file input-v5.txt (compact mmCIF, C-alpha atoms)
# COMPACT_ATOMS: atom_id res chain seq x y z
CA MET A 260 -32.62 3.74 -23.03
CA ALA A 261 -34.42 0.38 -23.10
CA PHE A 262 -31.54 -1.12 -25.07
CA LYS A 263 -29.02 0.21 -22.55
CA LEU A 264 -31.03 -1.25 -19.68
CA ARG A 265 -31.07 -4.66 -21.39
CA GLU A 266 -27.33 -4.44 -22.03
CA MET A 267 -26.75 -3.44 -18.42
CA GLY A 268 -28.78 -6.42 -17.27
CA MET A 269 -26.75 -8.82 -19.41
CA ARG A 270 -23.52 -7.30 -18.12
CA ALA A 271 -24.70 -7.61 -14.53
CA ALA A 272 -25.75 -11.24 -15.00
CA SER A 273 -22.39 -12.12 -16.53
CA ALA A 274 -20.54 -10.33 -13.73
CA VAL A 275 -22.54 -12.17 -11.04
CA VAL A 276 -21.31 -15.46 -12.50
CA LEU A 277 -17.72 -14.51 -13.37
CA ALA A 278 -16.67 -12.17 -10.55
CA PRO A 279 -17.05 -14.63 -7.61
CA PHE A 280 -15.22 -17.32 -9.61
CA ALA A 281 -12.33 -14.96 -10.37
CA VAL A 282 -12.05 -13.74 -6.77
CA PHE A 283 -12.24 -17.31 -5.43
CA ALA A 284 -9.40 -18.44 -7.71
CA VAL A 285 -7.32 -15.43 -6.68
CA TRP A 286 -8.04 -16.13 -3.00
CA LEU A 287 -6.84 -19.73 -3.33
CA GLY A 288 -3.74 -18.63 -5.24
CA GLY A 289 -0.93 -21.07 -6.00
CA PRO A 290 -1.83 -23.74 -8.56
CA TRP A 291 -5.42 -22.47 -8.74
CA ILE A 292 -4.51 -19.05 -10.08
CA LEU A 293 -2.00 -20.75 -12.39
CA ALA A 294 -4.72 -23.01 -13.81
CA VAL A 295 -7.07 -20.05 -14.33
CA MET A 296 -4.36 -18.01 -16.04
CA LEU A 297 -3.37 -20.88 -18.33
CA ALA A 298 -7.01 -21.39 -19.34
CA ALA A 299 -7.45 -17.64 -19.86
CA CYS A 300 -4.32 -17.49 -22.03
CA VAL A 301 -5.60 -20.31 -24.24
CA LEU A 302 -9.00 -18.62 -24.65
CA LEU A 303 -7.44 -15.20 -25.31
CA ALA A 304 -5.02 -16.71 -27.81
CA SER A 305 -7.95 -18.30 -29.62
CA GLU A 306 -9.81 -14.98 -29.80
CA TRP A 307 -6.68 -13.16 -30.93
CA ALA A 308 -6.05 -15.72 -33.67
CA LYS A 309 -9.63 -15.56 -34.92
CA MET A 310 -9.43 -11.75 -35.07
CA SER A 311 -5.99 -11.42 -36.64
CA ALA A 312 -5.96 -14.44 -38.96
CA ARG A 313 -9.59 -15.29 -39.62
CA THR A 314 -8.97 -17.33 -42.78
CA ALA A 315 -6.22 -19.46 -41.20
CA TRP A 316 -6.46 -18.95 -37.46
CA LYS A 317 -5.32 -22.35 -36.19
CA PRO A 318 -1.56 -21.89 -36.85
CA MET A 319 -1.75 -18.42 -35.30
CA PHE A 320 -3.53 -19.87 -32.28
CA ALA A 321 -0.96 -22.65 -31.88
CA ALA A 322 1.94 -20.20 -32.01
CA VAL A 323 0.48 -17.61 -29.62
CA ALA A 324 -1.02 -20.08 -27.14
CA SER A 325 2.20 -22.13 -26.89
CA ALA A 326 4.29 -19.06 -26.13
CA LEU A 327 1.81 -17.78 -23.54
CA VAL A 328 1.43 -21.09 -21.73
CA ALA A 329 5.20 -21.51 -21.52
CA ALA A 330 5.77 -17.97 -20.21
CA VAL A 331 3.05 -18.19 -17.55
CA ALA A 332 4.15 -21.65 -16.37
CA VAL A 333 7.80 -20.58 -16.10
CA THR A 334 6.81 -17.42 -14.19
CA HIS A 335 4.94 -19.55 -11.67
CA VAL A 336 7.85 -21.95 -11.22
CA ALA A 337 10.96 -19.80 -11.66
CA GLY A 338 9.87 -16.18 -11.16
CA LEU A 339 9.07 -13.05 -13.11
CA SER A 340 12.46 -12.45 -14.73
CA PHE A 341 12.59 -15.89 -16.33
CA GLY A 342 8.96 -15.58 -17.42
CA LEU A 343 9.53 -12.23 -19.12
CA VAL A 344 12.61 -13.47 -20.95
CA LEU A 345 10.73 -16.53 -22.18
CA MET A 346 7.75 -14.38 -23.19
CA VAL A 347 9.94 -12.17 -25.41
CA PHE A 348 11.70 -15.21 -26.86
CA GLY A 349 8.34 -16.91 -27.40
CA ALA A 350 6.98 -13.83 -29.18
CA ALA A 351 9.90 -13.96 -31.60
CA LEU A 352 9.39 -17.68 -32.23
CA ALA A 353 5.64 -17.17 -32.70
CA GLY A 354 6.39 -14.53 -35.32
CA VAL A 355 8.78 -16.83 -37.18
CA PHE A 356 6.29 -19.70 -37.10
CA ALA A 357 3.41 -17.51 -38.27
CA ARG A 358 5.47 -16.15 -41.14
CA SER A 359 6.37 -19.70 -42.21
CA ARG A 360 2.61 -20.33 -42.53
CA GLY A 361 2.03 -17.21 -44.59
CA LEU A 362 0.58 -15.24 -41.67
CA SER A 363 1.58 -11.92 -40.14
CA ALA A 364 4.68 -12.28 -37.97
CA VAL A 365 3.94 -8.92 -36.36
CA ASP A 366 0.42 -9.94 -35.35
CA ALA A 367 1.66 -13.22 -33.86
CA ALA A 368 4.49 -11.59 -31.90
CA TYR A 369 2.28 -8.73 -30.75
CA GLY A 370 -0.44 -11.15 -29.62
CA VAL A 371 2.05 -12.88 -27.32
CA LEU A 372 3.27 -9.59 -25.85
CA TYR A 373 -0.21 -8.03 -25.60
CA ILE A 374 -1.64 -10.96 -23.66
CA GLY A 375 1.60 -12.13 -22.06
CA TRP A 376 2.61 -9.02 -20.12
CA PRO A 377 -0.49 -8.89 -17.91
CA ALA A 378 -0.59 -12.69 -17.63
CA VAL A 379 2.91 -13.07 -16.19
CA LEU A 380 2.47 -9.97 -14.01
CA MET A 381 -0.76 -11.40 -12.61
CA ILE A 382 1.16 -14.50 -11.49
CA TRP A 383 3.87 -12.31 -9.96
CA LEU A 384 1.39 -9.97 -8.31
CA ARG A 385 -0.54 -12.84 -6.71
CA ASP A 386 2.75 -14.13 -5.24
CA GLY A 387 1.81 -17.74 -4.62
CA THR A 388 -0.58 -17.98 -1.68
CA SER A 389 0.54 -14.89 0.26
CA ALA A 390 -2.12 -12.68 1.84
CA VAL A 391 -0.42 -9.56 0.47
CA GLY A 392 -0.61 -10.93 -3.07
CA PHE A 393 -4.33 -11.54 -2.68
CA TYR A 394 -4.90 -7.93 -1.61
CA TRP A 395 -2.92 -6.55 -4.55
CA VAL A 396 -4.78 -8.56 -7.18
CA THR A 397 -8.07 -7.66 -5.48
CA LEU A 398 -7.01 -4.01 -5.72
CA ALA A 399 -6.55 -4.42 -9.48
CA PHE A 400 -10.01 -5.98 -9.74
CA ALA A 401 -11.62 -3.28 -7.61
CA VAL A 402 -10.07 -0.43 -9.59
CA THR A 403 -10.91 -1.99 -12.96
CA TRP A 404 -14.48 -2.96 -12.12
CA SER A 405 -15.18 0.41 -10.49
CA ALA A 406 -13.90 2.25 -13.56
CA ASP A 407 -15.86 0.03 -15.96
CA ILE A 408 -19.15 0.18 -14.08
CA ALA A 409 -19.02 3.90 -13.36
CA ALA A 410 -18.00 4.74 -16.93
CA PHE A 411 -20.91 2.73 -18.32
CA LEU A 412 -23.47 4.12 -15.88
CA VAL A 413 -22.38 7.77 -16.05
CA GLY A 414 -21.91 7.64 -19.80
CA SER A 415 -25.37 6.11 -20.28
CA LEU A 416 -27.15 8.51 -17.93
CA VAL A 417 -25.29 11.75 -18.65
CA GLY A 418 -24.12 11.29 -22.23
CA GLY A 419 -22.43 14.27 -23.83
CA PRO A 420 -19.44 14.63 -26.16
CA LYS A 421 -17.82 11.46 -27.44
CA LEU A 422 -14.41 10.47 -26.12
CA TRP A 423 -12.90 8.91 -29.25
CA PRO A 424 -15.64 8.46 -31.87
CA ARG A 425 -13.31 7.13 -34.53
CA PHE A 426 -12.60 3.91 -32.62
CA SER A 427 -15.24 3.75 -29.88
CA PRO A 428 -18.36 5.73 -30.77
CA ASN A 429 -20.28 4.83 -27.60
CA LYS A 430 -17.80 6.16 -25.04
CA THR A 431 -18.23 9.67 -23.69
CA TRP A 432 -16.14 12.15 -21.75
CA SER A 433 -18.66 12.03 -18.92
CA GLY A 434 -18.23 8.28 -18.63
CA PHE A 435 -14.47 8.67 -18.79
CA ILE A 436 -14.43 11.15 -15.91
CA GLY A 437 -16.92 9.11 -13.89
CA GLY A 438 -14.78 6.02 -14.33
CA LEU A 439 -11.65 7.82 -13.17
CA VAL A 440 -13.38 9.17 -10.06
CA ALA A 441 -14.67 5.70 -9.16
CA ALA A 442 -11.27 4.09 -9.76
CA THR A 443 -9.56 6.70 -7.59
CA LEU A 444 -12.00 6.08 -4.74
CA ALA A 445 -11.54 2.33 -5.08
CA GLY A 446 -7.78 2.81 -4.93
CA VAL A 447 -8.08 4.87 -1.75
CA LEU A 448 -10.40 2.36 -0.07
CA MET A 449 -8.30 -0.67 -0.99
CA ALA A 450 -4.74 0.60 -0.94
CA THR A 451 -5.05 2.16 2.51
CA LEU A 452 -5.66 -1.24 4.13
CA PRO A 453 -2.71 -2.08 6.42
CA GLU A 454 -2.01 -5.25 4.42
CA MET A 455 -1.28 -3.21 1.29
CA GLY A 456 1.66 -1.36 2.81
CA ALA A 457 0.73 1.89 1.04
CA PRO A 458 3.16 4.75 1.81
CA ASN A 459 0.40 7.37 2.22
CA LEU A 460 -3.13 8.38 1.22
CA LEU A 461 -2.00 10.45 -1.77
CA TRP A 462 -0.08 7.48 -3.14
CA SER A 463 -3.20 5.32 -2.79
CA ALA A 464 -5.31 7.86 -4.68
CA MET A 465 -2.70 8.21 -7.43
CA LEU A 466 -2.50 4.44 -7.78
CA GLY A 467 -6.27 4.20 -8.17
CA LEU A 468 -6.26 7.04 -10.71
CA ALA A 469 -3.42 5.47 -12.68
CA GLY A 470 -5.22 2.12 -12.64
CA GLY A 471 -8.40 3.81 -13.86
CA LEU A 472 -6.53 5.54 -16.70
CA ALA A 473 -4.97 2.22 -17.64
CA THR A 474 -8.40 0.55 -17.62
CA MET A 475 -9.80 3.17 -20.00
CA ALA A 476 -6.69 2.99 -22.19
CA GLY A 477 -6.95 -0.79 -22.41
CA ASP A 478 -10.61 -0.58 -23.42
CA LEU A 479 -9.89 2.04 -26.09
CA TRP A 480 -6.86 0.16 -27.37
CA GLU A 481 -8.87 -3.02 -27.85
CA SER A 482 -11.54 -1.02 -29.67
CA ALA A 483 -8.84 0.25 -32.02
CA LEU A 484 -7.57 -3.29 -32.57
CA LYS A 485 -11.07 -4.57 -33.36
CA ARG A 486 -11.54 -1.71 -35.79
CA ARG A 487 -8.24 -2.62 -37.46
CA PHE A 488 -9.28 -6.26 -37.85
CA GLY A 489 -12.84 -5.37 -38.85
CA VAL A 490 -14.70 -7.16 -36.05
CA LYS A 491 -17.37 -5.94 -33.62
CA ASP A 492 -16.43 -8.22 -30.71
CA ALA A 493 -13.39 -10.33 -29.93
CA GLY A 494 -15.68 -13.34 -29.49
CA ASP A 495 -19.06 -14.47 -28.18
CA LEU A 496 -18.08 -16.34 -25.03
CA ILE A 497 -19.70 -14.00 -22.47
CA PRO A 498 -23.28 -12.73 -22.90
CA GLY A 499 -23.40 -8.95 -22.85
CA HIS A 500 -19.64 -8.61 -23.24
CA GLY A 501 -18.63 -10.52 -26.38
CA GLY A 502 -15.41 -12.41 -25.92
CA LEU A 503 -13.12 -12.80 -22.93
CA LEU A 504 -10.83 -10.16 -24.41
CA ASP A 505 -13.76 -7.72 -24.42
CA ARG A 506 -14.19 -8.36 -20.69
CA VAL A 507 -10.53 -8.15 -19.57
CA ASP A 508 -9.11 -5.54 -21.96
CA GLY A 509 -9.04 -2.87 -19.27
CA LEU A 510 -7.83 -5.27 -16.58
CA MET A 511 -4.90 -6.28 -18.78
CA PHE A 512 -3.58 -2.72 -18.83
CA ALA A 513 -4.49 -2.06 -15.18
CA ILE A 514 -2.55 -5.12 -13.98
CA VAL A 515 0.63 -3.69 -15.51
CA VAL A 516 0.11 -0.36 -13.73
CA ILE A 517 -0.84 -1.94 -10.39
CA ALA A 518 2.21 -4.23 -10.55
CA ALA A 519 4.41 -1.21 -11.19
CA GLY A 520 2.69 0.55 -8.27
CA ARG A 521 3.47 -2.33 -5.94
CA ALA A 522 7.11 -2.33 -6.99
CA LEU A 523 7.30 1.45 -6.56
CA GLY A 524 5.55 1.31 -3.19
CA HIS A 525 8.10 -1.24 -1.99
CA TYR A 526 10.91 1.02 -3.23
CA LEU A 527 9.43 4.00 -1.36
CA GLY A 528 9.39 2.05 1.86
CA GLY A 529 5.87 0.61 1.95
CA GLY A 530 7.19 -2.93 2.24
CA ALA A 531 4.32 -4.50 0.24
call {"tool": "encode", "arguments": {"input": "input-v5.txt", "output": "structure tokens"}}
result
Amino acid sequence: MAFKLREMGMRAASAVVLAPFAVFAVWLGGPWILAVMLAACVLLASEWAKMSARTAWKPMFAAVASALVAAVAVTHVAGLSFGLVLMVFGAALAGVFARSRGLSAVDAAYGVLYIGWPAVLMIWLRDGTSAVGFYWVTLAFAVTWSADIAAFLVGSLVGGPKLWPRFSPNKTWSGFIGGLVAATLAGVLMATLPEMGAPNLLWSAMLGLAGGLATMAGDLWESALKRRFGVKDAGDLIPGHGGLLDRVDGLMFAIVVIAAGRALGHYLGGGA
């Protein structure tokens, strides 16, 4: 229990520093969120390269980072469709380049797609400097952070059967359920704001639940990837969390779901 309290303290200290910075950049929007996303893509590409090609990570980093930076920049300037097309094309080029250097083409291409999807959707979801875009990205943050915090607290205090011991031995079913409940409540509280344009209360709850499931799935998926590459953490950038990828793994999946929810809500007549 003492170890868990120390870990919780390190997580809290890191969050106190990072969360206000992230929210402030999202609030400013426009070139500010672009700059943050470009920096994040470079850092994530570095961590991905060091995990997937530890003996020769620099060519992998160059290939993945170049494709990500191009896709995010084009999304900001020309829109989501152009950004997605360039991301897929960049993934293919990254794979070809990695293979020419004796590295895994699949790992290079997958790294671009894994990091690129949430990155370009974050730019689209923020929608320049619009107030609606700010609320939608804040919703993604609220759902993800609620799921993460509740899962950690409930799992630590309640314990019980393990969720997926093969890939993530510390996660429990109690934490999983607690995280989903918290994410659902966060979705209801955020998505029912008039600015969100939510069709109804049930839709808001389902969006929070889906975002919570995505958060848990992203966390488990990254655990499986780390197990595959034989590393404990993606990096050591953030005290108490490891690398940046360890901090945003759930958010990366949640952003995709929240972006789909916004598109669906608009289709259903919410107008967001």
call {"tool": "closest_residue", "arguments": {"input": "input-v5.txt", "among": "A:Trp432, A:Trp383, A:Phe488, A:Trp316", "to": "A:Ile514", "atoms": "all atoms listed in the file"}}
result
A:Trp383
call {"tool": "atom_distance", "arguments": {"input": "input-v5.txt", "atom1": "atom CA of A:Ala353", "atom2": "atom CA of A:Ala322"}}
result
4.8 Å
call {"tool": "atom_distance", "arguments": {"input": "input-v5.txt", "atom1": "atom CA of A:Met319", "atom2": "atom CA of A:Phe356"}}
result
8.3 Å
call {"tool": "residues_near_point", "arguments": {"input": "input-v5.txt", "point": "(-8.1, 2.6, -9.1)", "cutoff": "6 Å", "atoms": "all atoms listed in the file", "output": "PyMOL selection string"}}
result
chain A and resi 402+442-443+445-446+467-468+470-471
call {"tool": "closest_residue", "arguments": {"input": "input-v5.txt", "among": "A:Gly375, A:Gly370, A:Gly509, A:Gly338", "to": "A:Gly477", "atoms": "all atoms listed in the file"}}
result
A:Gly509
call {"tool": "atom_distance", "arguments": {"input": "input-v5.txt", "atom1": "atom CA of A:Leu439", "atom2": "atom CA of A:Ala406"}}
result
6.0 Å
call {"tool": "axis_aligned_box", "arguments": {"input": "input-v5.txt", "around": "stretch 304-314 of chain A", "padding_each_side": "8 Å", "output": "JSON"}}
result
{"center_x": -7.4, "center_y": -14.9, "center_z": -35.3, "size_x": 20.8, "size_y": 22.9, "size_z": 31.0}
call {"tool": "closest_residue", "arguments": {"input": "input-v5.txt", "among": "A:Ala409, A:Ala281, A:Ala483, A:Met475", "to": "A:Leu444", "atoms": "all atoms listed in the file"}}
result
A:Ala409
call {"tool": "residues_around", "arguments": {"input": "input-v5.txt", "residues": "A:Ala312", "least_positions_apart": "5", "cutoff": "9 Å", "atoms": "all atoms listed in the file", "output": "CSV table (one decimal) with C-alpha atoms, in the frame of the given file"}}
result
chain,number,residue,atom,x,y,z
A,307,TRP,CA,-6.7,-13.2,-30.9
A,317,LYS,CA,-5.3,-22.4,-36.2
A,318,PRO,CA,-1.6,-21.9,-36.8
A,319,MET,CA,-1.8,-18.4,-35.3
A,320,PHE,CA,-3.5,-19.9,-32.3
A,362,LEU,CA,0.6,-15.2,-41.7
A,363,SER,CA,1.6,-11.9,-40.1
A,366,ASP,CA,0.4,-9.9,-35.4
A,488,PHE,CA,-9.3,-6.3,-37.8
call {"tool": "closest_residue", "arguments": {"input": "input-v5.txt", "among": "A:Trp376, A:Trp480, A:Trp404, A:Phe411", "to": "A:Cys300", "atoms": "all atoms listed in the file"}}
result
A:Trp376
call {"tool": "closest_residue", "arguments": {"input": "input-v5.txt", "among": "A:Val344, A:Ile374, A:Ala519, A:Ala441", "to": "A:Ala401", "atoms": "only C-alpha atoms"}}
result
A:Ala441
call {"tool": "residues_around", "arguments": {"input": "input-v5.txt", "residues": "A:Asp505", "least_positions_apart": "5", "cutoff": "10 Å", "atoms": "all atoms listed in the file", "output": "ChimeraX atom specification"}}
result
/A:303,306,477-478,481-482,485,492-497,499-500
call {"tool": "closest_residue", "arguments": {"input": "input-v5.txt", "among": "A:Ser389, A:Thr403, A:Ser305, A:Thr474", "to": "A:Ala321", "atoms": "all atoms listed in the file"}}
result
A:Ser305
call {"tool": "residues_around", "arguments": {"input": "input-v5.txt", "residues": "A:Lys421", "least_positions_apart": "6", "cutoff": "12 Å", "atoms": "all atoms listed in the file", "output": "list of chain:residue names"}}
result
A:Gly414, A:Ser415, A:Ser427, A:Pro428, A:Asn429, A:Lys430, A:Thr431, A:Trp432, A:Ser433, A:Gly434, A:Phe435
call {"tool": "residues_around", "arguments": {"input": "input-v5.txt", "residues": "A:Ala368", "least_positions_apart": "3", "cutoff": "10 Å", "atoms": "only C-alpha atoms", "output": "count of residues only"}}
result
22
call {"tool": "build_atoms", "arguments": {"input": "input-v5.txt", "residues": "stretch 371-384 of chain A", "atoms": "N, CA and C atoms", "output": "PDB file, keeping the file's coordinate frame"}}
result
ATOM      1  N   VAL A 371       1.371 -12.304 -28.492  1.00  0.00           N
ATOM      2  CA  VAL A 371       2.050 -12.880 -27.320  1.00  0.00           C
ATOM      3  C   VAL A 371       2.372 -11.797 -26.301  1.00  0.00           C
ATOM      4  N   LEU A 372       2.893 -10.673 -26.767  1.00  0.00           N
ATOM      5  CA  LEU A 372       3.270  -9.590 -25.850  1.00  0.00           C
ATOM      6  C   LEU A 372       2.042  -8.918 -25.237  1.00  0.00           C
ATOM      7  N   TYR A 373       1.015  -8.703 -26.049  1.00  0.00           N
ATOM      8  CA  TYR A 373      -0.210  -8.030 -25.600  1.00  0.00           C
ATOM      9  C   TYR A 373      -0.886  -8.814 -24.481  1.00  0.00           C
ATOM     10  N   ILE A 374      -1.000 -10.120 -24.663  1.00  0.00           N
ATOM     11  CA  ILE A 374      -1.640 -10.960 -23.660  1.00  0.00           C
ATOM     12  C   ILE A 374      -0.654 -11.385 -22.582  1.00  0.00           C
ATOM     13  N   GLY A 375       0.608 -11.569 -22.975  1.00  0.00           N
ATOM     14  CA  GLY A 375       1.600 -12.130 -22.060  1.00  0.00           C
ATOM     15  C   GLY A 375       2.013 -11.229 -20.919  1.00  0.00           C
ATOM     16  N   TRP A 376       2.188  -9.933 -21.189  1.00  0.00           N
ATOM     17  CA  TRP A 376       2.610  -9.020 -20.120  1.00  0.00           C
ATOM     18  C   TRP A 376       1.682  -9.078 -18.917  1.00  0.00           C
ATOM     19  N   PRO A 377       0.388  -8.829 -19.091  1.00  0.00           N
ATOM     20  CA  PRO A 377      -0.490  -8.890 -17.910  1.00  0.00           C
ATOM     21  C   PRO A 377      -0.602 -10.289 -17.318  1.00  0.00           C
ATOM     22  N   ALA A 378      -0.463 -11.321 -18.146  1.00  0.00           N
ATOM     23  CA  ALA A 378      -0.590 -12.690 -17.630  1.00  0.00           C
ATOM     24  C   ALA A 378       0.550 -13.025 -16.672  1.00  0.00           C
ATOM     25  N   VAL A 379       1.782 -12.748 -17.069  1.00  0.00           N
ATOM     26  CA  VAL A 379       2.910 -13.070 -16.190  1.00  0.00           C
ATOM     27  C   VAL A 379       2.929 -12.142 -14.973  1.00  0.00           C
ATOM     28  N   LEU A 380       2.508 -10.887 -15.159  1.00  0.00           N
ATOM     29  CA  LEU A 380       2.470  -9.970 -14.010  1.00  0.00           C
ATOM     30  C   LEU A 380       1.374 -10.342 -13.026  1.00  0.00           C
ATOM     31  N   MET A 381       0.291 -10.918 -13.517  1.00  0.00           N
ATOM     32  CA  MET A 381      -0.760 -11.400 -12.610  1.00  0.00           C
ATOM     33  C   MET A 381      -0.210 -12.507 -11.710  1.00  0.00           C
ATOM     34  N   ILE A 382       0.552 -13.437 -12.292  1.00  0.00           N
ATOM     35  CA  ILE A 382       1.160 -14.500 -11.490  1.00  0.00           C
ATOM     36  C   ILE A 382       2.111 -13.911 -10.460  1.00  0.00           C
ATOM     37  N   TRP A 383       2.928 -12.943 -10.884  1.00  0.00           N
ATOM     38  CA  TRP A 383       3.870 -12.310  -9.960  1.00  0.00           C
ATOM     39  C   TRP A 383       3.143 -11.533  -8.864  1.00  0.00           C
ATOM     40  N   LEU A 384       2.113 -10.803  -9.260  1.00  0.00           N
ATOM     41  CA  LEU A 384       1.390  -9.970  -8.310  1.00  0.00           C
ATOM     42  C   LEU A 384       0.688 -10.820  -7.254  1.00  0.00           C
TER      43      LEU A 384
END
